[in-house]
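Heads up: the structure comes next, in structure tokens.
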Amino acid sequence: DKEPTVQIDQNLYSRQIGAYGVETMGKLVQLRVFIYGLRGDDSLNFFHLILVGIETAKNLILAGPKQVIVQDDHKVEIRDLGVNFYCREEDVGKRTRAEASITQLKQLNPYVDVQTHSGEITEDFLSNFDVVVFTDYYHKKNLIKWNNFVRNRGAGFIYAGNLGLYGFTFVDFGSSFTVFDATGEDPR
């Protein structure tokens, strides 16, 4: 069977097509992504800024996948205002980080279906996505369970965080994931 042709806005995505190529861009515009965690936290320490989730959502939506679902059921706190650029003072204690961020996230790219999810995360829910991203999540048993589930489905799993000057990323796109960069060296 032949895959359906995907329409790509050549004007909007011209730079990305130049960088990624048409084939990769064709895959990107079909991608469905779940992002957990939109926290901003300065922890009373100027160098300890966690903004991985909101930056991931923003940059991914600008890149143009088919769908991005975000979840962060925690109420906006004062400390979020300095690092989650979509949270406002009037959101503090009244709205969740996802609710406070969703309107601006949707405005970034009209081609992307951007929604929020709240409540329990289940395997049934995660089965709707090609890539699952967790930030600001510290329940190790659940992360391992969900990573195994996502991996067994052939989808991608990413766990990332930023702890000031230290950041980390765990990426699992399965055993069939291919890296085409032979050396890992920067190009000349």
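Chain identifiers are assigned as A, B, and so on, following the order in which chains appear in the structure tokens; residues are numbered from 1 within each chain, and ligands are numbered from 1 in order of appearance.
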Task: Spatial neighbours of A:Asn152, 12 Å, only C-alpha atoms, chain gap at least 6 places, as a list of chain:residue names - done: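 Here the qualifying residues turn out to be A:Glu123, A:Leu126, A:Ser127, A:Asp130, A:Lys145, A:Trp146, A:Asp172, A:Phe173, A:Gly174, A:Ser175, A:Ser176.
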TODO: Using DSSP on the backbone coordinates, identify all residues within chain A classified as strand (DSSP E); present the result as an NGL selection string.
DONE: :A and (32-36 or 67-71 or 113-116 or 131-135 or 156-163 or 166-172)
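From atom CA of A:Gln30 back to atom CA of A:Asp181, the distance works out to 23.7 Å.
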Open item on the list: Report, in Å to a single decimal, how far apart atom CA of A:Gln104 and atom CA of A:Tyr13 are.
Closed with: 19.9 Å
Quick one: residues within 7 Å of stretch 154-163 of chain A, only C-alpha atoms, excluding same-chain residues fewer than 6 positions away - as a tab-separated table (two decimals) with N, CA, C and O atoms, in the first residue's frame?
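Written output follows (out21.tsv):
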```tsv
chain	number	residue	atom	x	y	z
A	48	HIS	N	19.53	27.35	39.06
A	48	HIS	CA	18.74	26.13	39.02
A	48	HIS	C	17.41	26.43	38.31
A	48	HIS	O	16.43	26.76	38.95
A	49	LEU	N	17.41	26.36	37.01
A	49	LEU	CA	16.21	26.66	36.24
A	49	LEU	C	15.76	25.41	35.48
A	49	LEU	O	16.51	24.88	34.68
A	50	ILE	N	14.55	24.97	35.76
A	50	ILE	CA	14.00	23.84	35.04
A	50	ILE	C	12.96	24.38	34.08
A	50	ILE	O	11.90	24.81	34.50
A	52	VAL	N	12.71	22.73	30.84
A	52	VAL	CA	12.82	21.77	29.75
A	52	VAL	C	11.47	21.51	29.10
A	52	VAL	O	11.35	21.52	27.88
A	130	ASP	N	3.47	8.76	19.03
A	130	ASP	CA	4.69	8.26	18.40
A	130	ASP	C	5.91	8.54	19.26
A	130	ASP	O	6.90	7.83	19.18
A	131	VAL	N	5.83	9.61	20.05
A	131	VAL	CA	6.91	9.98	20.97
A	131	VAL	C	6.28	10.45	22.27
A	131	VAL	O	5.32	11.22	22.26
A	132	VAL	N	6.84	10.00	23.38
A	132	VAL	CA	6.39	10.38	24.72
A	132	VAL	C	7.57	11.04	25.42
A	132	VAL	O	8.67	10.47	25.46
A	133	VAL	N	7.34	12.25	25.97
A	133	VAL	CA	8.40	13.01	26.63
A	133	VAL	C	7.98	13.30	28.06
A	133	VAL	O	6.90	13.83	28.30
A	134	PHE	N	8.84	12.96	29.01
A	134	PHE	CA	8.59	13.29	30.42
A	134	PHE	C	9.68	14.22	30.90
A	134	PHE	O	10.87	13.98	30.69
A	135	THR	N	9.26	15.31	31.54
A	135	THR	CA	10.17	16.21	32.23
A	135	THR	C	9.56	16.45	33.61
A	135	THR	O	8.35	16.32	33.78
A	136	ASP	N	10.36	16.79	34.57
A	136	ASP	CA	9.85	17.09	35.91
A	136	ASP	C	8.97	15.97	36.44
A	136	ASP	O	7.88	16.20	36.96
A	147	ASN	N	8.34	3.54	29.82
A	147	ASN	CA	9.38	3.39	28.82
A	147	ASN	C	9.30	2.01	28.16
A	147	ASN	O	9.36	1.90	26.94
A	169	THR	N	19.38	13.76	29.60
A	169	THR	CA	18.38	13.27	28.67
A	169	THR	C	18.56	11.77	28.52
A	169	THR	O	19.68	11.30	28.30
A	170	PHE	N	17.47	11.05	28.66
A	170	PHE	CA	17.45	9.61	28.37
A	170	PHE	C	16.55	9.45	27.15
A	170	PHE	O	15.41	9.89	27.16
A	171	VAL	N	17.09	8.86	26.10
A	171	VAL	CA	16.34	8.69	24.86
A	171	VAL	C	16.31	7.21	24.50
A	171	VAL	O	17.35	6.56	24.45
A	172	ASP	N	15.11	6.69	24.25
A	172	ASP	CA	14.95	5.30	23.85
A	172	ASP	C	13.99	5.23	22.66
A	172	ASP	O	12.79	5.36	22.82
A	173	PHE	N	14.56	5.05	21.48
A	173	PHE	CA	13.76	4.89	20.28
A	173	PHE	C	13.83	3.45	19.79
A	173	PHE	O	13.60	3.17	18.61
A	174	GLY	N	14.16	2.53	20.70
A	174	GLY	CA	14.13	1.11	20.37
A	174	GLY	C	15.39	0.60	19.72
A	174	GLY	O	16.28	1.36	19.33
```
Open item on the list: From the options A:Thr103, A:Asn109, A:Gln71, A:Thr96, which residue's atoms come nearest to A:Asp9, counting only C-alpha atoms?
Closed with: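 Among A:Thr103, A:Asn109, A:Gln71, A:Thr96, it is A:Asn109 that comes nearest to A:Asp9.
Using only C-alpha atoms, the nearest neighbour of A:Val112 within the list A:Phe180, A:Val92, A:Lys58, A:Glu99 is A:Lys58.
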- [ ] Compile the contact shell of A:Ile54 as JSON, numbers by chain: residues with an atom at most 10 Å away, counting only C-alpha atoms, same-chain residues fewer than 2 positions apart removed.
- [x] {"A": [35, 36, 37, 38, 39, 40, 50, 51, 52, 56, 57, 58, 59, 60, 70, 83, 84, 85, 86, 97, 98, 101, 105, 135]}
Save the residues we just selected, C-alpha atoms, as a tab-separated table (two decimals), in the first residue's frame?
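To be explicit, this is the file written out as out37.tsv:
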```tsv
chain	number	residue	atom	x	y	z
A	35	ILE	CA	4.83	16.04	26.77
A	36	TYR	CA	4.46	15.75	30.54
A	37	GLY	CA	5.71	18.67	32.62
A	38	LEU	CA	5.68	22.42	31.93
A	39	ARG	CA	7.28	23.44	35.18
A	40	GLY	CA	9.38	26.46	35.79
A	50	ILE	CA	14.00	23.84	35.04
A	51	LEU	CA	12.28	24.86	31.85
A	52	VAL	CA	12.82	21.77	29.75
A	56	THR	CA	10.38	21.35	24.42
A	57	ALA	CA	6.70	22.07	23.78
A	58	LYS	CA	7.40	25.48	22.23
A	59	ASN	CA	10.19	24.34	19.94
A	60	LEU	CA	8.43	21.16	18.90
A	70	VAL	CA	0.78	18.63	27.05
A	83	VAL	CA	10.79	30.66	33.83
A	84	ASN	CA	7.53	29.54	32.18
A	85	PHE	CA	7.03	32.50	29.89
A	86	TYR	CA	3.34	31.63	29.30
A	97	ARG	CA	0.55	25.13	34.22
A	98	ALA	CA	-0.96	23.39	31.20
A	101	SER	CA	0.21	27.75	28.72
A	105	LEU	CA	1.19	27.25	22.64
A	135	THR	CA	10.17	16.21	32.23
```
Open item on the list: Could you check the closest approach to A:Glu23 for each of A:Val6, A:Gln107, A:Asn142, A:Ile102 and tell me which residue wins, using only C-alpha atoms?
Closed with: A:Val6
Open item on the list: Using Å and a single decimal, report how far atom CA of A:Lys106 sits from atom CA of A:Gln10.
Closed with: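 Between atom CA of A:Gln10 and atom CA of A:Lys106 the gap works out to 20.4 Å.
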Task: Selection near A:Ile8, 9 Å with only C-alpha atoms, sequence-local residues under 5 positions removed, as an MDAnalysis selection string - done: chainID A and resid 13 22 25:26 29
Selection file, N, CA and C atoms, as a PDB file, in the first residue's frame:
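Resulting contents of result_22.pdb:
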```
ATOM      1  N   TYR A  13       7.901  26.151   6.332  1.00  0.00           N
ATOM      2  CA  TYR A  13       8.917  25.185   6.753  1.00  0.00           C
ATOM      3  C   TYR A  13      10.145  25.151   5.849  1.00  0.00           C
ATOM      4  N   VAL A  22      13.239  16.787   2.882  1.00  0.00           N
ATOM      5  CA  VAL A  22      11.805  16.595   2.667  1.00  0.00           C
ATOM      6  C   VAL A  22      11.304  15.321   3.340  1.00  0.00           C
ATOM      7  N   MET A  25      10.980  15.894   7.103  1.00  0.00           N
ATOM      8  CA  MET A  25       9.878  16.835   7.339  1.00  0.00           C
ATOM      9  C   MET A  25       8.539  16.147   7.120  1.00  0.00           C
ATOM     10  N   GLY A  26       8.466  15.269   6.126  1.00  0.00           N
ATOM     11  CA  GLY A  26       7.242  14.504   5.878  1.00  0.00           C
ATOM     12  C   GLY A  26       6.871  13.621   7.062  1.00  0.00           C
ATOM     13  N   VAL A  29       5.675  16.040  10.202  1.00  0.00           N
ATOM     14  CA  VAL A  29       4.320  16.591  10.163  1.00  0.00           C
ATOM     15  C   VAL A  29       3.252  15.539  10.442  1.00  0.00           C
TER      16      VAL A  29
END
```
Task: Which of stretch 12-183 of chain A DSSP labels helix (DSSP H, G or I), written as JSON, numbers by chain - done: {"A": [14, 15, 16, 17, 18, 19, 20, 22, 23, 24, 25, 26, 27, 28, 52, 53, 54, 55, 56, 57, 58, 59, 60, 61, 62, 63, 78, 79, 80, 81, 82, 89, 90, 91, 97, 98, 99, 100, 101, 102, 103, 104, 105, 106, 107, 123, 124, 125, 126, 140, 141, 142, 143, 144, 145, 146, 147, 148, 149, 150, 151, 152, 153]}
